[in-house]
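Just run.txt here, compact mmCIF, N, CA and C atoms:
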```txt
# COMPACT_ATOMS: atom_id res chain seq x y z
N MET A 1 11.60 -3.94 90.24
CA MET A 1 11.15 -5.24 90.69
C MET A 1 11.80 -5.53 92.05
N GLU A 2 11.17 -6.43 92.78
CA GLU A 2 11.74 -6.86 94.06
C GLU A 2 11.91 -8.37 94.07
N ALA A 3 12.88 -8.82 94.86
CA ALA A 3 13.12 -10.25 95.05
C ALA A 3 13.53 -10.49 96.49
N THR A 4 13.18 -11.66 96.98
CA THR A 4 13.58 -12.08 98.31
C THR A 4 14.55 -13.25 98.16
N LEU A 5 15.66 -13.15 98.87
CA LEU A 5 16.69 -14.19 98.83
C LEU A 5 16.84 -14.81 100.21
N LYS A 6 16.86 -16.12 100.26
CA LYS A 6 17.15 -16.84 101.50
C LYS A 6 18.66 -17.07 101.50
N ILE A 7 19.31 -16.68 102.60
CA ILE A 7 20.77 -16.76 102.67
C ILE A 7 21.17 -17.60 103.88
N GLU A 8 21.71 -18.77 103.62
CA GLU A 8 22.16 -19.66 104.70
C GLU A 8 23.55 -19.24 105.17
N GLY A 9 23.84 -19.51 106.41
CA GLY A 9 25.17 -19.26 106.95
C GLY A 9 25.34 -17.88 107.58
N MET A 10 24.34 -17.03 107.51
CA MET A 10 24.44 -15.73 108.16
C MET A 10 24.14 -15.92 109.64
N THR A 11 25.02 -15.38 110.49
CA THR A 11 24.82 -15.60 111.92
C THR A 11 24.87 -14.33 112.76
N CYS A 12 25.29 -13.20 112.16
CA CYS A 12 25.49 -12.01 112.99
C CYS A 12 25.34 -10.73 112.16
N GLU A 13 25.46 -9.61 112.83
CA GLU A 13 25.37 -8.31 112.16
C GLU A 13 26.52 -8.07 111.20
N HIS A 14 27.68 -8.67 111.46
CA HIS A 14 28.79 -8.55 110.52
C HIS A 14 28.39 -9.18 109.17
N CYS A 15 27.74 -10.33 109.23
CA CYS A 15 27.25 -10.98 108.01
C CYS A 15 26.24 -10.09 107.29
N VAL A 16 25.35 -9.48 108.05
CA VAL A 16 24.34 -8.59 107.47
C VAL A 16 25.02 -7.44 106.74
N ARG A 17 26.02 -6.83 107.35
CA ARG A 17 26.75 -5.71 106.70
C ARG A 17 27.47 -6.19 105.44
N HIS A 18 28.11 -7.34 105.53
CA HIS A 18 28.84 -7.89 104.39
C HIS A 18 27.89 -8.14 103.21
N VAL A 19 26.76 -8.76 103.48
CA VAL A 19 25.79 -9.05 102.42
C VAL A 19 25.19 -7.75 101.87
N THR A 20 24.86 -6.81 102.75
CA THR A 20 24.31 -5.53 102.31
C THR A 20 25.29 -4.81 101.39
N ASP A 21 26.55 -4.75 101.79
CA ASP A 21 27.56 -4.10 100.96
C ASP A 21 27.72 -4.81 99.62
N ALA A 22 27.73 -6.14 99.64
CA ALA A 22 27.87 -6.91 98.41
C ALA A 22 26.69 -6.67 97.47
N LEU A 23 25.48 -6.64 98.02
CA LEU A 23 24.29 -6.40 97.20
C LEU A 23 24.35 -5.03 96.54
N ASN A 24 24.73 -4.03 97.32
CA ASN A 24 24.76 -2.67 96.79
C ASN A 24 25.87 -2.43 95.78
N GLU A 25 26.81 -3.38 95.66
CA GLU A 25 27.87 -3.30 94.64
C GLU A 25 27.43 -3.87 93.30
N ILE A 26 26.34 -4.61 93.27
CA ILE A 26 25.86 -5.23 92.04
C ILE A 26 25.11 -4.18 91.23
N PRO A 27 25.51 -3.95 89.98
CA PRO A 27 24.81 -2.96 89.16
C PRO A 27 23.32 -3.27 89.03
N GLY A 28 22.50 -2.25 89.28
CA GLY A 28 21.06 -2.39 89.17
C GLY A 28 20.38 -2.98 90.39
N VAL A 29 21.12 -3.12 91.51
CA VAL A 29 20.56 -3.74 92.72
C VAL A 29 20.68 -2.78 93.89
N LYS A 30 19.62 -2.75 94.71
CA LYS A 30 19.66 -1.98 95.96
C LYS A 30 19.09 -2.88 97.05
N ALA A 31 19.86 -3.04 98.12
CA ALA A 31 19.40 -3.81 99.27
C ALA A 31 18.32 -3.00 99.99
N LEU A 32 17.12 -3.54 100.10
CA LEU A 32 16.04 -2.86 100.80
C LEU A 32 16.02 -3.23 102.27
N ARG A 33 16.18 -4.54 102.55
CA ARG A 33 16.18 -5.02 103.94
C ARG A 33 17.00 -6.29 104.00
N VAL A 34 17.99 -6.28 104.85
CA VAL A 34 18.82 -7.47 105.04
C VAL A 34 18.79 -7.80 106.53
N ILE A 35 18.41 -9.02 106.83
CA ILE A 35 18.43 -9.53 108.19
C ILE A 35 19.15 -10.88 108.15
N VAL A 36 19.47 -11.42 109.31
CA VAL A 36 20.14 -12.72 109.35
C VAL A 36 19.25 -13.73 108.62
N GLY A 37 19.78 -14.30 107.54
CA GLY A 37 19.09 -15.34 106.79
C GLY A 37 18.26 -14.90 105.61
N GLN A 38 18.11 -13.58 105.41
CA GLN A 38 17.24 -13.14 104.32
C GLN A 38 17.60 -11.74 103.84
N ALA A 39 17.40 -11.52 102.55
CA ALA A 39 17.58 -10.19 101.98
C ALA A 39 16.43 -9.92 101.02
N ILE A 40 15.92 -8.72 101.09
CA ILE A 40 14.93 -8.25 100.14
C ILE A 40 15.62 -7.15 99.34
N VAL A 41 15.59 -7.29 98.02
CA VAL A 41 16.29 -6.35 97.15
C VAL A 41 15.35 -5.79 96.10
N ALA A 42 15.67 -4.59 95.67
CA ALA A 42 15.05 -4.02 94.47
C ALA A 42 16.08 -4.17 93.37
N TYR A 43 15.62 -4.52 92.18
CA TYR A 43 16.57 -4.70 91.08
C TYR A 43 15.95 -4.23 89.77
N ASP A 44 16.82 -3.84 88.88
CA ASP A 44 16.42 -3.42 87.54
C ASP A 44 16.52 -4.64 86.64
N PRO A 45 15.39 -5.16 86.15
CA PRO A 45 15.44 -6.38 85.35
C PRO A 45 16.18 -6.23 84.02
N SER A 46 16.45 -5.00 83.61
CA SER A 46 17.23 -4.81 82.38
C SER A 46 18.72 -4.98 82.65
N GLN A 47 19.11 -5.03 83.96
CA GLN A 47 20.51 -5.16 84.32
C GLN A 47 20.87 -6.48 84.99
N THR A 48 19.90 -7.12 85.64
CA THR A 48 20.21 -8.34 86.39
C THR A 48 18.95 -9.15 86.63
N THR A 49 19.12 -10.34 87.19
CA THR A 49 18.01 -11.21 87.57
C THR A 49 18.23 -11.66 89.02
N PRO A 50 17.18 -12.12 89.68
CA PRO A 50 17.37 -12.64 91.04
C PRO A 50 18.39 -13.78 91.09
N GLU A 51 18.41 -14.62 90.07
CA GLU A 51 19.36 -15.73 90.04
C GLU A 51 20.80 -15.23 89.93
N SER A 52 21.01 -14.17 89.14
CA SER A 52 22.35 -13.58 89.02
C SER A 52 22.77 -12.93 90.33
N ILE A 53 21.83 -12.34 91.04
CA ILE A 53 22.12 -11.73 92.34
C ILE A 53 22.55 -12.83 93.31
N ALA A 54 21.84 -13.95 93.31
CA ALA A 54 22.19 -15.07 94.19
C ALA A 54 23.59 -15.59 93.86
N THR A 55 23.91 -15.69 92.59
CA THR A 55 25.24 -16.15 92.18
C THR A 55 26.31 -15.18 92.65
N ALA A 56 26.05 -13.89 92.53
CA ALA A 56 27.02 -12.88 92.97
C ALA A 56 27.27 -12.99 94.48
N LEU A 57 26.23 -13.26 95.26
CA LEU A 57 26.41 -13.41 96.70
C LEU A 57 27.23 -14.66 97.02
N LYS A 58 27.00 -15.73 96.28
CA LYS A 58 27.79 -16.95 96.49
C LYS A 58 29.26 -16.67 96.18
N ASP A 59 29.50 -15.85 95.15
CA ASP A 59 30.88 -15.51 94.76
C ASP A 59 31.62 -14.72 95.83
N VAL A 60 30.89 -14.00 96.70
CA VAL A 60 31.56 -13.23 97.76
C VAL A 60 31.52 -13.95 99.10
N GLY A 61 31.11 -15.23 99.09
CA GLY A 61 31.26 -16.03 100.30
C GLY A 61 30.00 -16.45 101.00
N ALA A 62 28.82 -16.08 100.52
CA ALA A 62 27.60 -16.58 101.15
C ALA A 62 27.45 -18.04 100.75
N PRO A 63 27.45 -18.97 101.72
CA PRO A 63 27.51 -20.39 101.38
C PRO A 63 26.28 -20.93 100.66
N GLY A 64 25.12 -20.44 100.99
CA GLY A 64 23.91 -20.95 100.36
C GLY A 64 22.93 -19.84 100.13
N VAL A 65 22.61 -19.57 98.88
CA VAL A 65 21.67 -18.50 98.56
C VAL A 65 20.64 -19.06 97.60
N SER A 66 19.38 -18.82 97.90
CA SER A 66 18.33 -19.25 96.98
C SER A 66 17.29 -18.14 96.86
N VAL A 67 16.65 -18.10 95.72
CA VAL A 67 15.61 -17.12 95.46
C VAL A 67 14.30 -17.67 95.99
N VAL A 68 13.61 -16.87 96.80
CA VAL A 68 12.31 -17.26 97.32
C VAL A 68 11.27 -16.89 96.27
N PRO A 69 10.46 -17.85 95.83
CA PRO A 69 9.45 -17.52 94.82
C PRO A 69 8.51 -16.42 95.33
N GLN A 70 8.23 -15.46 94.46
CA GLN A 70 7.33 -14.38 94.83
C GLN A 70 5.90 -14.87 94.74
N LEU A 71 5.11 -14.48 95.72
CA LEU A 71 3.70 -14.83 95.70
C LEU A 71 2.98 -13.95 94.71
N ASN A 72 1.94 -14.47 94.13
CA ASN A 72 1.13 -13.69 93.21
C ASN A 72 0.60 -12.48 93.96
N ALA A 73 0.70 -11.31 93.36
CA ALA A 73 0.29 -10.07 94.02
C ALA A 73 -1.21 -10.07 94.29
N LYS A 74 -1.98 -10.79 93.50
CA LYS A 74 -3.41 -10.85 93.71
C LYS A 74 -3.70 -11.83 94.83
N ALA A 75 -4.47 -11.40 95.81
CA ALA A 75 -4.81 -12.27 96.93
C ALA A 75 -5.72 -13.40 96.46
N PRO A 76 -5.53 -14.59 97.01
CA PRO A 76 -6.41 -15.69 96.61
C PRO A 76 -7.84 -15.40 97.01
N GLU A 77 -8.77 -15.94 96.24
CA GLU A 77 -10.17 -15.73 96.53
C GLU A 77 -10.52 -16.43 97.83
N GLN A 78 -11.23 -15.71 98.70
CA GLN A 78 -11.62 -16.27 100.00
C GLN A 78 -12.87 -17.12 99.81
N LYS A 79 -12.89 -18.29 100.39
CA LYS A 79 -14.05 -19.17 100.37
C LYS A 79 -14.66 -19.16 101.77
N ASN A 80 -15.96 -19.09 101.83
CA ASN A 80 -16.63 -19.14 103.10
C ASN A 80 -16.75 -20.59 103.52
N CYS A 81 -16.28 -20.92 104.71
CA CYS A 81 -16.23 -22.31 105.15
C CYS A 81 -17.62 -22.89 105.39
N CYS A 82 -18.63 -22.07 105.54
CA CYS A 82 -19.98 -22.61 105.82
C CYS A 82 -20.94 -22.35 104.67
N GLY A 83 -20.39 -22.18 103.46
CA GLY A 83 -21.24 -22.04 102.29
C GLY A 83 -21.97 -20.70 102.19
N GLY A 84 -21.48 -19.69 102.89
CA GLY A 84 -22.08 -18.36 102.80
C GLY A 84 -23.22 -18.12 103.76
N HIS A 85 -23.45 -19.04 104.67
CA HIS A 85 -24.55 -18.85 105.64
C HIS A 85 -24.09 -18.17 106.87
```
Show the structure stored in the file as structure tokens.
Amino acid sequence: MEATLKIEGMTCEHCVRHVTDALNEIPGVKALRVIVGQAIVAYDPSQTTPESIATALKDVGAPGVSVVPQLNAKAPEQKNCCGGH
């Protein structure tokens, strides 16, 4: 599974390294992409949850971490603005 986390307080590459290292220390988690303000992770749902990952990041000093709701994988149905004409 994948999850996206919004991380407040990240300002530099040092923060990115710190968060990446912290994520990779959590059992069942692999940091896929970490940039200033956001992390995308792969996780094993039998070992952890996105909320637990956010809590673990707060425990290592990230001041504000929230889970970004995942969009439904199915694209919304497109409506023709002119009624199909």
Exercise. Quick one: pick out all strand (DSSP E or B) residues within chain A from a backbone DSSP run and write them as a list in words.
Key: Glu2, Ala3, Thr4, Leu5, Lys6, Ile7, Glu8, Val29, Lys30, Ala31, Leu32, Arg33, Val34, Ile35, Gln38, Ala39, Ile40, Val41, Ala42, Tyr43, Gly64, Val65, Ser66, Val67 and Val68 of chain A
Practice problem: Please provide as a ChimeraX atom specification all residues within 5 Å of segment 68-70 of chain A, with the sequence filter that same-chain residues fewer than 2 positions apart are discarded (counting all atoms listed in the file). | Solution: /A:4-6,66,72
Self-check item: Long-range neighbours of segment 38-43 of chain A as a list in words, 5 Å cut-off, all atoms listed in the file, 5 positions minimum in chain
Solution: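 The residues that qualify are Met1, Glu2, Ala3, Thr4, Leu5, Lys6, Ile7, Gly28, Val29, Lys30, Ala31, Leu32 and Arg33 of chain A.
Closest to Thr48 of chain A among A:His14, A:Pro27, A:Thr20, A:Glu8 is A:Pro27, based on all atoms listed in the file.
Take atom CA of Pro50 of chain A and atom CA of Val67 of chain A: the distance between them is 6.5 Å.
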Quiz item: Any idea what the distance is between atom CA of Asp44 of chain A and atom N of Gly64 of chain A?
Solution: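 A separation of 23.4 Å between them.
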Quiz item: atom CA of Thr49 of chain A and atom CA of Thr11 of chain A, how far apart in Å?
Solution: 25.7 Å
